Amino acid sequence: MRWPHKFLMRCQMLFRRGRAGDQLQDELQFHLDQQIAENVAAGTNPVEARRAALRSFGNPTVLREQARDTWSWQWLELLLRDLRFGVRALARNPGFSILAILVMGLGIGANVAFFTVVRSVLLKPLPFKDQGRLVRLYEADAHGAFQDNVLAGGTFAAWQSRSHSFEQMAIKRAIDYNLSGSGGQLPELVHGQVASWNIFPLLGVEPALGRVFLPSDDRREANATVLLTWGLWKRRYGGAPSLIGKTILLDARPYTVLGVLPEWFNYPDSKVQLWTPAYHERSPAVMALYTAHNLDAIGRLKPGITIAQATAELSTIQRQIRQQNPDGPIHDAANIRPILDAEVFHLKTGLYAMLAATGCLLLIACLNIANLLVARAATRRKETAVRAALGGSRGRLIREQVIESLVLSVAGGASGLMLAEAALRWLVHVRKDIPRADSIHIDSMVILFTIGVTLLCGLLAGLIPALSSNNKQILSTLQESSRSYSGGHAGVRLRRVLLGLQVGLTVVLLTSAGLLLKTYTRLRSVDIGCATHDVLTVEINLPRGSYKTSAQIVSFYDQLVEKVRQLPGVQAATVATILPGEGHQRDDVFTIREHPPLPKGQVLDASTFFVDPGHFGAMQIPLLQGRVFQSDERLDRAHSVIVNQTFVRQFLKGENPLGKHLKVELGEVAGSDTGLEIVGVVADTLENLSDTPYPTIYYPFYSGSQRSGTLAVRGQQAPSGLSLPVQHAIASMDPDLAVANVLTMDQILGQSTIDASFDAALLFAFAVISLLLAAVGLFGVLSFIVAQRTTEIGIRIALGAQREQVMRLMLRDGLHPAIFGLILGLIASSGVAHLIRSMLYGTPALDPAVFLVVAVTLLLVASAACAIPAWRASRLDPMTALRME
Amino acid sequence: MGKPSDLVQGTLDLLILKTLSIEARHGWAIAKRIQMISGEVLQVQQGSLYPALHRLEQQGWIKAKWAESETGRLAKFYSLTAAGRKQLDSETANWARLSDAINLVVREA
């Protein structure tokens with residue numbers, strides 16, 4: 001009975017406040033009249049009776065206020081009133097308000113965008129059951145040299161059978177398949193994964209349709225089977241359930257479709273289209289090797305087992321393997337990372353640096369707005385003092401100020417959220433290389449973050465000016481005559497401190513951006529040692545089913561290169577397994593036949609490239625010694641290799657490399673175990689822009705062992721025009737063959753620097769924005785000081801001060817905080833630079849040039865921002881100045 | 001104790017509820033009644049009375065009705081609700097316990 005009543009009461013108080021207010025007035029008036037009547041009845045004259053009644057009644061306004069305070073919704077009414085007041089105050093000054101909202105929106109938007117990325121990529125758990133026990137396993141070096149090497153098949157088998165820390169252990173590996181066209185569809189190259197059968201039970205993934213692999217599917221002699229991802233099933237097969245049990249052609253061989261994976265499953269990324277069983281796809285011999293590192297291993301820890309315990313156990317097993325096999329590249333320890341960490345740890349520094357940068361930007365934005373509000377508060381000091389003297393409580397005045405800045409920040413937050421949404425779309429579009437990019441979107445957590453940041457900004461920007469106005473000043477403010485000669489100093493001092501901080505933060509952003517920009521230009525100006533302009537590349541993967549022998553492979557590539565070379569506009573064409581700048585992909589161990597045997601446990605290792613005879617000419621890699629491959633060195637007659645300069649420097653120093661023989665256990669190249677003769681030495685090229693050259697052995701591509709190759713075509717003009725004719729040439733030779741990654745060499749290099757260029761460009765943008773904000777802040781503060789000191793300046797000029805003196809005086813006033821901030825910023829920058837040094841290349845953390853440029857830029861901008869108000873001050877006409885106010 | 005004794009915190013609610021338990025009254029009459037019954041010891045200030053009345057009304061313990069007063073003017077008459085009657089009982093019991101306890105301490109200790 002009470003609740004309905006209360007509810008009714010509340011509704012009444014909410015919707016009929018005006019009437020309730022009138023009634024309160026009547027009620028109090030009645031009381032007063034009764035008191036007067038009583039006084040009159042007691043014999044006092046009416047005038048005196050009324051006065052006595054009023055006296056005993058107290059302040060009727062206060063009484064009314066107190067009664068109203070007990071009403072429900074009173075807080076809402078007050079809030080609405082302050083809100084109205086705040087909005088009206090802001091609307092009166094639309095230029096200021098719009099600027100402030102934009103600044104706030106920019107800061108909040110950038111923060112929300114990067115928070116979303118960090119949360120989606122680094123923090124949001126993978127969608128697997130009990131993710132906390134899922135780990136990635138790596139081979140490692142006991143001395144800490146390598147921590148994250150992928151596993152060899154033999155190692156995996158040993159760990160799986162001998163360790164007790166894991167419920168299950170599985171492997172996977174990326175693989176590309178040629179999915180043949182069917183029913184009028186084009187053939188396509190699809191990204192897939194081979195995996196041990198238990199990967200799906202290990203991750204806790206149930207198929208959406210059909211079944212997942214069984215142990216019996218995961219054997220060499222089993223029938224070929226495949227699992228499709230939801231995306232491929234929908235896209236290519238229209239989501240037909242009848243596909244289960246049918247066969248599809250991968251690399252021109254039939255695979256039975258066992259099932260379809262659920263829609264949400266996009267591990268390791270959404271580019272993966274299908275899964276095949278590892279032990280069926282790869283030969284038992286390869287899967288038993290301890291030396292071929294090419295499998296990603298995943299494990300599920302038993303409950304209660306820590307990562308440290310499991311690492312210790314695996315390291316023990318691995319040490320035993322090493323002792324039993326002292327030769328070859330076999331590691332002697334293990335490393336374990338939580339599965340999420342393993343996916344993203346290489347991105348951490350960059351993303352957190354960006355988040356920190358956006359945080360700085362937001363802080364600068366807040367300080368700037370606080371600064372503007374302090375200026376406004378200063379012009380309203382008299383008003384504030386009068387209100388305080390009339391009984392306006394300090395809390396009320398502070399609340400008003402805070403609400404005003406909250407209005408600004410809420411509007412800024414709303415626009416920031418929109419900005420973030422747009423920024424994220426753009427980001428996901430340009431940074432396709434970010435793992436888990438498809439999980440980046442704004443969710444409820446991000447909205448909460450936005451609200452939190454917005455409120456925090458509003459409070460910060462509002463409280464600084466509100467707290468700076470202090471009650472003790474009321475009297476002096478009221479006493480200040482209208483002809484004050486110089487303005488109050490408290491506000492100005494606060495603004496100077498705020499400005500100094502702002503400039504300091506700006507300097508930090510500027511130096512970080514400068515260091516990253518320098519890194520980027522260093523990377524882009526690196527000469528990778530081969531032709532990069534006007535080169536088009538196409539990836540080709542010959543399917544096993546239709547190209548069964550080495551001879552078939554060789555003849556296809558031979559004819560293709562010849563055909564492409566004949567195309568108009570083509571200068572040269574070549575085929576190779578990897579091109580410079582594509583990153584490190586493969587290395588193998590070798591021994592030099594002419595050298596004494598190595599001590600136990602030591603191995604020599606070099607990168608492995610397969611190239612055709614025309615490669616060095618086409619890619620313009622200089623031949624330094626000997627000769628290149630001859631066109632008849634193919635198939636069984638391919639017994640020679642070519643090495644690079646670094647190889648000679650590292651392994652054959654002071655000897656004649658030509659005529660030496662390298663023993664490599666490749667298996668794929670005939671005679672590699674007895675020794676391949678070095679016939680030539682070529683100049684170094686780079687695998688990664690940020691790495692030093694690696695010793696490299698070039699093998700003849702026409703040995704016929706490599707099905708996948710990259711065709712590189714150097715044209716006379718822009719290579720993009722060649723892409724259609726080249727694809728036509730490929731299709732004319734094999735219409736079923738899919739090609740992938742038709743890219744120019746510049747694009748490939750661009751991709752390898754995208755991290756650096758992206759970080760540098762964004763940080764630079766932030767730095768420029770904050771520099772702009774700092775300049776606006778300086779300009780504002782100095783203009784304000786000049787306006788306050790107009791009378792003083794007038795007197796100085798009237799007494800004979802030179803215009804230059806006045807200008808210098810004002811400049812010093814403005815530059816003081818800038819210089820203070822600059823010093824502060826430079827000190828902070830040296831610390832920050834140290835933190836981001838892992839992102840730098842060819843640039844020392846304390847690069848003097850960058851620091852110098854930043855300091856000079858900042859001083860120039862600061863001087864420019866101060867010059868205008870200072871110049872205006874020096875042009876003051878003393879008569880007008882003195883007559884002012 | 002120089003000033004006329006201030007009402008013990010929270011007891012004003014009890015006094016108002018008790019006063020209204022007999023009949024509906026307006027604010028002036030409530031104040032007068034408390035003053036009279038207490039032998040002029042308890043002076044209810046307007047500054048406390050009206051906020052208290054409005055608070056009790058918001059709580060749903062008393063309800064208000066505009067009616068003609070003894071002088072013929074419209075006045076706001078307050079009366080107890082059923083919930084208010086219960087509240088009065090519990091507050092009375094509370095008060096009895098509290099004052100007994102205080103008396104005990106004052107006499108014995």
# chains A, B, ... in the order shown; residues from 1 in each chain; ligands from 1

$ select_by_dssp --residues "chain B" --states "strand (DSSP E or B)" --output "ChimeraX atom specification"
/B:25-26,62-68,74-80

$ interface_residues --of "chain A" --to "chain B" --cutoff "6 Å" --atoms "only C-alpha atoms" --output "list in words"
Lys6, His31, Leu63, Gln66, Ala67 and Thr70 of chain A

$ residues_around --residues "Leu686 of chain A" --least-positions-apart "6" --cutoff "6 Å" --atoms "only C-alpha atoms" --output "PyMOL selection string"
chain A and resi 528+580-581+693

$ residues_around --residues "segment 214-217 of chain A" --least-positions-apart "3" --cutoff "12 Å" --atoms "only C-alpha atoms" --output "PyMOL selection string"
chain A and resi 195-201+211+220-227+255-259+276-281

$ residues_around --residues "Tyr547 of chain A" --least-positions-apart "4" --cutoff "12 Å" --atoms "only C-alpha atoms" --output "PDB file with N, CA, C and O atoms, in the first residue's frame"
ATOM      1  N   ASP A 251      44.126 -29.129 -55.132  1.00  0.00           N
ATOM      2  CA  ASP A 251      45.329 -29.459 -55.886  1.00  0.00           C
ATOM      3  C   ASP A 251      45.034 -30.613 -56.845  1.00  0.00           C
ATOM      4  O   ASP A 251      45.838 -31.532 -57.011  1.00  0.00           O
ATOM      5  N   ALA A 252      43.848 -30.568 -57.438  1.00  0.00           N
ATOM      6  CA  ALA A 252      43.418 -31.527 -58.448  1.00  0.00           C
ATOM      7  C   ALA A 252      43.308 -32.950 -57.908  1.00  0.00           C
ATOM      8  O   ALA A 252      43.376 -33.917 -58.664  1.00  0.00           O
ATOM      9  N   ARG A 253      43.151 -33.105 -56.580  1.00  0.00           N
ATOM     10  CA  ARG A 253      42.912 -34.430 -56.019  1.00  0.00           C
ATOM     11  C   ARG A 253      41.624 -34.403 -55.208  1.00  0.00           C
ATOM     12  O   ARG A 253      41.304 -33.375 -54.598  1.00  0.00           O
ATOM     13  N   ASN A 541      50.869 -21.732 -57.494  1.00  0.00           N
ATOM     14  CA  ASN A 541      51.040 -22.987 -56.773  1.00  0.00           C
ATOM     15  C   ASN A 541      50.510 -24.106 -57.663  1.00  0.00           C
ATOM     16  O   ASN A 541      49.316 -24.188 -57.927  1.00  0.00           O
ATOM     17  N   LEU A 542      51.418 -24.947 -58.169  1.00  0.00           N
ATOM     18  CA  LEU A 542      50.995 -26.000 -59.095  1.00  0.00           C
ATOM     19  C   LEU A 542      50.390 -27.161 -58.314  1.00  0.00           C
ATOM     20  O   LEU A 542      51.036 -27.705 -57.417  1.00  0.00           O
ATOM     21  N   PRO A 543      49.145 -27.539 -58.609  1.00  0.00           N
ATOM     22  CA  PRO A 543      48.504 -28.625 -57.855  1.00  0.00           C
ATOM     23  C   PRO A 543      49.179 -29.971 -58.088  1.00  0.00           C
ATOM     24  O   PRO A 543      49.642 -30.280 -59.187  1.00  0.00           O
ATOM     25  N   ALA A 551      59.487 -33.060 -63.986  1.00  0.00           N
ATOM     26  CA  ALA A 551      59.634 -32.629 -65.376  1.00  0.00           C
ATOM     27  C   ALA A 551      58.446 -31.766 -65.789  1.00  0.00           C
ATOM     28  O   ALA A 551      58.601 -30.742 -66.461  1.00  0.00           O
ATOM     29  N   GLN A 552      57.247 -32.155 -65.329  1.00  0.00           N
ATOM     30  CA  GLN A 552      56.064 -31.374 -65.674  1.00  0.00           C
ATOM     31  C   GLN A 552      56.145 -29.972 -65.069  1.00  0.00           C
ATOM     32  O   GLN A 552      55.827 -28.981 -65.719  1.00  0.00           O
ATOM     33  N   ILE A 553      56.586 -29.925 -63.806  1.00  0.00           N
ATOM     34  CA  ILE A 553      56.701 -28.633 -63.121  1.00  0.00           C
ATOM     35  C   ILE A 553      57.685 -27.727 -63.863  1.00  0.00           C
ATOM     36  O   ILE A 553      57.396 -26.580 -64.182  1.00  0.00           O
ATOM     37  N   VAL A 554      58.869 -28.312 -64.155  1.00  0.00           N
ATOM     38  CA  VAL A 554      59.913 -27.510 -64.808  1.00  0.00           C
ATOM     39  C   VAL A 554      59.435 -27.015 -66.155  1.00  0.00           C
ATOM     40  O   VAL A 554      59.609 -25.833 -66.505  1.00  0.00           O
ATOM     41  N   SER A 555      58.774 -27.904 -66.918  1.00  0.00           N
ATOM     42  CA  SER A 555      58.403 -27.472 -68.256  1.00  0.00           C
ATOM     43  C   SER A 555      57.340 -26.385 -68.183  1.00  0.00           C
ATOM     44  O   SER A 555      57.332 -25.458 -68.980  1.00  0.00           O
ATOM     45  N   PHE A 556      56.427 -26.481 -67.175  1.00  0.00           N
ATOM     46  CA  PHE A 556      55.415 -25.431 -67.047  1.00  0.00           C
ATOM     47  C   PHE A 556      56.072 -24.080 -66.791  1.00  0.00           C
ATOM     48  O   PHE A 556      55.828 -23.097 -67.497  1.00  0.00           O
ATOM     49  N   TYR A 557      56.940 -24.024 -65.757  1.00  0.00           N
ATOM     50  CA  TYR A 557      57.533 -22.731 -65.389  1.00  0.00           C
ATOM     51  C   TYR A 557      58.423 -22.193 -66.511  1.00  0.00           C
ATOM     52  O   TYR A 557      58.440 -21.000 -66.784  1.00  0.00           O
ATOM     53  N   GLY A 704      63.295 -28.732 -60.105  1.00  0.00           N
ATOM     54  CA  GLY A 704      61.937 -29.253 -60.230  1.00  0.00           C
ATOM     55  C   GLY A 704      61.284 -29.667 -58.931  1.00  0.00           C
ATOM     56  O   GLY A 704      60.226 -30.279 -58.936  1.00  0.00           O
ATOM     57  N   SER A 705      61.904 -29.344 -57.811  1.00  0.00           N
ATOM     58  CA  SER A 705      61.349 -29.802 -56.542  1.00  0.00           C
ATOM     59  C   SER A 705      60.274 -28.854 -55.994  1.00  0.00           C
ATOM     60  O   SER A 705      59.536 -29.227 -55.100  1.00  0.00           O
ATOM     61  N   GLN A 706      60.224 -27.630 -56.508  1.00  0.00           N
ATOM     62  CA  GLN A 706      59.332 -26.631 -55.911  1.00  0.00           C
ATOM     63  C   GLN A 706      58.083 -26.412 -56.768  1.00  0.00           C
ATOM     64  O   GLN A 706      58.188 -26.001 -57.920  1.00  0.00           O
ATOM     65  N   ARG A 707      56.926 -26.699 -56.179  1.00  0.00           N
ATOM     66  CA  ARG A 707      55.677 -26.492 -56.914  1.00  0.00           C
ATOM     67  C   ARG A 707      55.254 -25.034 -56.867  1.00  0.00           C
ATOM     68  O   ARG A 707      54.624 -24.536 -57.778  1.00  0.00           O
ATOM     69  N   SER A 708      55.526 -24.351 -55.731  1.00  0.00           N
ATOM     70  CA  SER A 708      55.065 -22.976 -55.600  1.00  0.00           C
ATOM     71  C   SER A 708      56.190 -22.044 -55.969  1.00  0.00           C
ATOM     72  O   SER A 708      57.327 -22.245 -55.544  1.00  0.00           O
ATOM     73  N   ASP A 734      47.115 -23.010 -68.366  1.00  0.00           N
ATOM     74  CA  ASP A 734      46.353 -23.915 -67.515  1.00  0.00           C
ATOM     75  C   ASP A 734      45.170 -23.138 -66.937  1.00  0.00           C
ATOM     76  O   ASP A 734      45.305 -22.430 -65.949  1.00  0.00           O
ATOM     77  N   ASP A 736      42.806 -23.970 -65.208  1.00  0.00           N
ATOM     78  CA  ASP A 736      42.385 -24.375 -63.866  1.00  0.00           C
ATOM     79  C   ASP A 736      43.290 -23.828 -62.770  1.00  0.00           C
ATOM     80  O   ASP A 736      43.062 -24.095 -61.586  1.00  0.00           O
ATOM     81  N   LEU A 737      44.320 -23.115 -63.167  1.00  0.00           N
ATOM     82  CA  LEU A 737      45.328 -22.709 -62.187  1.00  0.00           C
ATOM     83  C   LEU A 737      44.954 -21.361 -61.563  1.00  0.00           C
ATOM     84  O   LEU A 737      44.684 -20.397 -62.274  1.00  0.00           O
TER      85      LEU A 737
END

$ closest_residue --among "A:Tyr267, A:Val682, A:Gln717, A:Phe609" --to "Phe701 of chain A" --atoms "only C-alpha atoms"
A:Phe609

$ residues_around --residues "Ala353 of chain A" --least-positions-apart "6" --cutoff "9 Å" --atoms "only C-alpha atoms" --output "PyMOL selection string"
chain A and resi 759+835-836

$ write_last_selection --atoms "all heavy atoms" --output "CSV table (one decimal), in the first residue's frame"
chain,number,residue,atom,x,y,z
A,759,ASP,N,52.4,3.6,-37.6
A,759,ASP,CA,52.7,4.2,-36.3
A,759,ASP,C,53.2,5.6,-36.4
A,759,ASP,O,52.7,6.5,-35.7
A,759,ASP,CB,53.7,3.3,-35.5
A,759,ASP,CG,53.1,2.0,-35.1
A,759,ASP,OD1,51.8,1.8,-35.3
A,759,ASP,OD2,53.8,1.1,-34.6
A,835,LEU,N,61.5,3.7,-23.8
A,835,LEU,CA,60.5,2.7,-23.8
A,835,LEU,C,60.2,2.1,-25.2
A,835,LEU,O,59.8,1.0,-25.3
A,835,LEU,CB,59.2,3.2,-23.1
A,835,LEU,CG,59.2,3.4,-21.6
A,835,LEU,CD1,57.9,4.0,-21.2
A,835,LEU,CD2,59.5,2.1,-20.9
A,836,ILE,N,60.2,3.0,-26.2
A,836,ILE,CA,59.8,2.6,-27.5
A,836,ILE,C,61.0,2.2,-28.4
A,836,ILE,O,60.9,2.1,-29.6
A,836,ILE,CB,59.0,3.7,-28.3
A,836,ILE,CG1,59.8,5.0,-28.4
A,836,ILE,CG2,57.7,4.0,-27.5
A,836,ILE,CD1,59.2,5.9,-29.4

$ residues_around --residues "Ala411 of chain A" --least-positions-apart "4" --cutoff "12 Å" --atoms "only C-alpha atoms" --output "MDAnalysis selection string"
chainID A and resid 87 90 97:106 108:109 404:407 415:418 450:451 454:455 457:458

$ write_last_selection --atoms "N, CA and C atoms" --output "PDB file, in the first residue's frame"
ATOM      1  N   VAL A  87      24.018  25.228 -20.598  1.00  0.00           N
ATOM      2  CA  VAL A  87      23.809  25.236 -22.045  1.00  0.00           C
ATOM      3  C   VAL A  87      23.639  26.659 -22.538  1.00  0.00           C
ATOM      4  N   LEU A  90      26.900  28.370 -22.689  1.00  0.00           N
ATOM      5  CA  LEU A  90      27.725  27.905 -23.809  1.00  0.00           C
ATOM      6  C   LEU A  90      27.173  28.414 -25.130  1.00  0.00           C
ATOM      7  N   SER A  97      32.343  27.184 -27.812  1.00  0.00           N
ATOM      8  CA  SER A  97      31.746  25.874 -27.519  1.00  0.00           C
ATOM      9  C   SER A  97      32.063  24.867 -28.609  1.00  0.00           C
ATOM     10  N   ILE A  98      31.895  25.279 -29.850  1.00  0.00           N
ATOM     11  CA  ILE A  98      32.136  24.347 -30.953  1.00  0.00           C
ATOM     12  C   ILE A  98      33.594  23.909 -30.960  1.00  0.00           C
ATOM     13  N   LEU A  99      34.482  24.873 -30.766  1.00  0.00           N
ATOM     14  CA  LEU A  99      35.907  24.546 -30.731  1.00  0.00           C
ATOM     15  C   LEU A  99      36.192  23.533 -29.620  1.00  0.00           C
ATOM     16  N   ALA A 100      35.636  23.826 -28.436  1.00  0.00           N
ATOM     17  CA  ALA A 100      35.895  22.943 -27.299  1.00  0.00           C
ATOM     18  C   ALA A 100      35.340  21.544 -27.561  1.00  0.00           C
ATOM     19  N   ILE A 101      34.131  21.472 -28.141  1.00  0.00           N
ATOM     20  CA  ILE A 101      33.523  20.157 -28.408  1.00  0.00           C
ATOM     21  C   ILE A 101      34.364  19.397 -29.428  1.00  0.00           C
ATOM     22  N   LEU A 102      34.838  20.113 -30.451  1.00  0.00           N
ATOM     23  CA  LEU A 102      35.661  19.456 -31.465  1.00  0.00           C
ATOM     24  C   LEU A 102      36.949  18.902 -30.852  1.00  0.00           C
ATOM     25  N   VAL A 103      37.592  19.743 -30.057  1.00  0.00           N
ATOM     26  CA  VAL A 103      38.850  19.320 -29.425  1.00  0.00           C
ATOM     27  C   VAL A 103      38.614  18.096 -28.549  1.00  0.00           C
ATOM     28  N   MET A 104      37.557  18.175 -27.744  1.00  0.00           N
ATOM     29  CA  MET A 104      37.225  17.076 -26.849  1.00  0.00           C
ATOM     30  C   MET A 104      36.874  15.836 -27.666  1.00  0.00           C
ATOM     31  N   GLY A 105      36.077  16.029 -28.721  1.00  0.00           N
ATOM     32  CA  GLY A 105      35.648  14.906 -29.556  1.00  0.00           C
ATOM     33  C   GLY A 105      36.832  14.205 -30.180  1.00  0.00           C
ATOM     34  N   LEU A 106      37.777  14.997 -30.645  1.00  0.00           N
ATOM     35  CA  LEU A 106      38.979  14.433 -31.264  1.00  0.00           C
ATOM     36  C   LEU A 106      39.738  13.575 -30.253  1.00  0.00           C
ATOM     37  N   ILE A 108      38.661  12.272 -27.355  1.00  0.00           N
ATOM     38  CA  ILE A 108      37.904  11.100 -26.906  1.00  0.00           C
ATOM     39  C   ILE A 108      37.818  10.076 -28.030  1.00  0.00           C
ATOM     40  N   GLY A 109      37.567  10.547 -29.245  1.00  0.00           N
ATOM     41  CA  GLY A 109      37.447   9.631 -30.387  1.00  0.00           C
ATOM     42  C   GLY A 109      38.700   8.805 -30.578  1.00  0.00           C
ATOM     43  N   GLU A 404      28.905  22.724 -16.665  1.00  0.00           N
ATOM     44  CA  GLU A 404      29.177  23.374 -17.940  1.00  0.00           C
ATOM     45  C   GLU A 404      30.217  22.576 -18.730  1.00  0.00           C
ATOM     46  N   SER A 405      31.284  22.168 -18.051  1.00  0.00           N
ATOM     47  CA  SER A 405      32.317  21.427 -18.782  1.00  0.00           C
ATOM     48  C   SER A 405      31.838  20.010 -19.086  1.00  0.00           C
ATOM     49  N   LEU A 406      30.921  19.477 -18.247  1.00  0.00           N
ATOM     50  CA  LEU A 406      30.365  18.156 -18.552  1.00  0.00           C
ATOM     51  C   LEU A 406      29.518  18.223 -19.818  1.00  0.00           C
ATOM     52  N   VAL A 407      28.769  19.309 -19.958  1.00  0.00           N
ATOM     53  CA  VAL A 407      27.981  19.467 -21.191  1.00  0.00           C
ATOM     54  C   VAL A 407      28.907  19.427 -22.394  1.00  0.00           C
ATOM     55  N   SER A 415      30.368  13.029 -30.217  1.00  0.00           N
ATOM     56  CA  SER A 415      31.008  13.177 -31.537  1.00  0.00           C
ATOM     57  C   SER A 415      32.247  12.290 -31.608  1.00  0.00           C
ATOM     58  N   GLY A 416      32.905  12.111 -30.448  1.00  0.00           N
ATOM     59  CA  GLY A 416      34.091  11.249 -30.432  1.00  0.00           C
ATOM     60  C   GLY A 416      33.747   9.809 -30.770  1.00  0.00           C
ATOM     61  N   LEU A 417      32.599   9.357 -30.280  1.00  0.00           N
ATOM     62  CA  LEU A 417      32.191   7.977 -30.543  1.00  0.00           C
ATOM     63  C   LEU A 417      31.965   7.777 -32.047  1.00  0.00           C
ATOM     64  N   MET A 418      31.331   8.770 -32.652  1.00  0.00           N
ATOM     65  CA  MET A 418      31.113   8.672 -34.102  1.00  0.00           C
ATOM     66  C   MET A 418      32.451   8.666 -34.841  1.00  0.00           C
ATOM     67  N   THR A 450      33.840   4.829 -23.038  1.00  0.00           N
ATOM     68  CA  THR A 450      33.589   6.169 -23.575  1.00  0.00           C
ATOM     69  C   THR A 450      32.917   7.041 -22.526  1.00  0.00           C
ATOM     70  N   ILE A 451      31.881   6.477 -21.877  1.00  0.00           N
ATOM     71  CA  ILE A 451      31.163   7.251 -20.865  1.00  0.00           C
ATOM     72  C   ILE A 451      32.119   7.644 -19.742  1.00  0.00           C
ATOM     73  N   THR A 454      34.533  10.281 -20.893  1.00  0.00           N
ATOM     74  CA  THR A 454      33.823  11.541 -21.068  1.00  0.00           C
ATOM     75  C   THR A 454      33.609  12.238 -19.726  1.00  0.00           C
ATOM     76  N   LEU A 455      33.117  11.464 -18.745  1.00  0.00           N
ATOM     77  CA  LEU A 455      32.868  12.061 -17.434  1.00  0.00           C
ATOM     78  C   LEU A 455      34.167  12.552 -16.811  1.00  0.00           C
ATOM     79  N   CYS A 457      36.891  13.510 -18.297  1.00  0.00           N
ATOM     80  CA  CYS A 457      37.334  14.729 -18.973  1.00  0.00           C
ATOM     81  C   CYS A 457      36.540  15.921 -18.478  1.00  0.00           C
ATOM     82  N   GLY A 458      35.231  15.727 -18.391  1.00  0.00           N
ATOM     83  CA  GLY A 458      34.382  16.824 -17.964  1.00  0.00           C
ATOM     84  C   GLY A 458      34.755  17.274 -16.563  1.00  0.00           C
TER      85      GLY A 458
END

$ atom_distance --atom1 "atom CA of Leu624 of chain A" --atom2 "atom CA of Phe590 of chain A"
22.5 Å

$ select_by_dssp --residues "chain B" --states "helix (DSSP H, G or I)" --output "JSON, numbers by chain"
{"B": [11, 12, 13, 14, 15, 16, 17, 18, 19, 20, 21, 22, 27, 28, 29, 30, 31, 32, 33, 34, 35, 36, 37, 46, 47, 48, 49, 50, 51, 52, 53, 54, 55, 56, 57, 58, 59, 82, 83, 84, 85, 86, 87, 88, 89, 90, 91, 92, 93, 94, 95, 96, 97, 98, 99, 100, 101, 102, 103, 104, 105, 106, 107, 108]}

$ closest_atom_pairs --of "segment 676-710 of chain A" --to "segment 746-755 of chain A" --cutoff "12 Å" --atoms "only C-alpha atoms" --output "JSON lines"
{"residue": "A:Leu686", "atom": "CA", "partner": "A:Leu749", "partner_atom": "CA", "distance": 10.9}
{"residue": "A:Glu687", "atom": "CA", "partner": "A:Ser752", "partner_atom": "CA", "distance": 10.1}
{"residue": "A:Asn688", "atom": "CA", "partner": "A:Ser752", "partner_atom": "CA", "distance": 7.5}
{"residue": "A:Leu689", "atom": "CA", "partner": "A:Ser752", "partner_atom": "CA", "distance": 7.4}
{"residue": "A:Ser690", "atom": "CA", "partner": "A:Thr753", "partner_atom": "CA", "distance": 8.9}
{"residue": "A:Asp691", "atom": "CA", "partner": "A:Ser752", "partner_atom": "CA", "distance": 11.6}

$ closest_residue --among "A:Leu126, A:Val135, A:Ile330, A:Val260" --to "Thr155 of chain A" --atoms "only C-alpha atoms"
A:Ile330

$ decode --residues "segment 434-451 of chain A" --atoms "C-alpha atoms" --output "PDB file, in the first residue's frame"
ATOM      1  CA  ILE A 434      46.519  -7.053 -37.513  1.00  0.00           C
ATOM      2  CA  PRO A 435      45.557 -10.464 -36.139  1.00  0.00           C
ATOM      3  CA  ARG A 436      41.940 -10.723 -34.977  1.00  0.00           C
ATOM      4  CA  ALA A 437      41.142  -7.569 -36.982  1.00  0.00           C
ATOM      5  CA  ASP A 438      37.676  -8.982 -37.649  1.00  0.00           C
ATOM      6  CA  SER A 439      36.884  -8.889 -33.939  1.00  0.00           C
ATOM      7  CA  ILE A 440      37.481  -5.144 -33.748  1.00  0.00           C
ATOM      8  CA  HIS A 441      34.213  -3.378 -33.125  1.00  0.00           C
ATOM      9  CA  ILE A 442      32.586  -1.118 -30.589  1.00  0.00           C
ATOM     10  CA  ASP A 443      30.792  -3.122 -27.898  1.00  0.00           C
ATOM     11  CA  SER A 444      29.126  -2.347 -24.591  1.00  0.00           C
ATOM     12  CA  MET A 445      32.479  -2.340 -22.783  1.00  0.00           C
ATOM     13  CA  VAL A 446      33.762   0.303 -25.190  1.00  0.00           C
ATOM     14  CA  ILE A 447      30.612   2.364 -24.683  1.00  0.00           C
ATOM     15  CA  LEU A 448      31.195   2.177 -20.922  1.00  0.00           C
ATOM     16  CA  PHE A 449      34.793   3.239 -21.480  1.00  0.00           C
ATOM     17  CA  THR A 450      33.589   6.169 -23.575  1.00  0.00           C
ATOM     18  CA  ILE A 451      31.163   7.251 -20.865  1.00  0.00           C
TER      19      ILE A 451
END
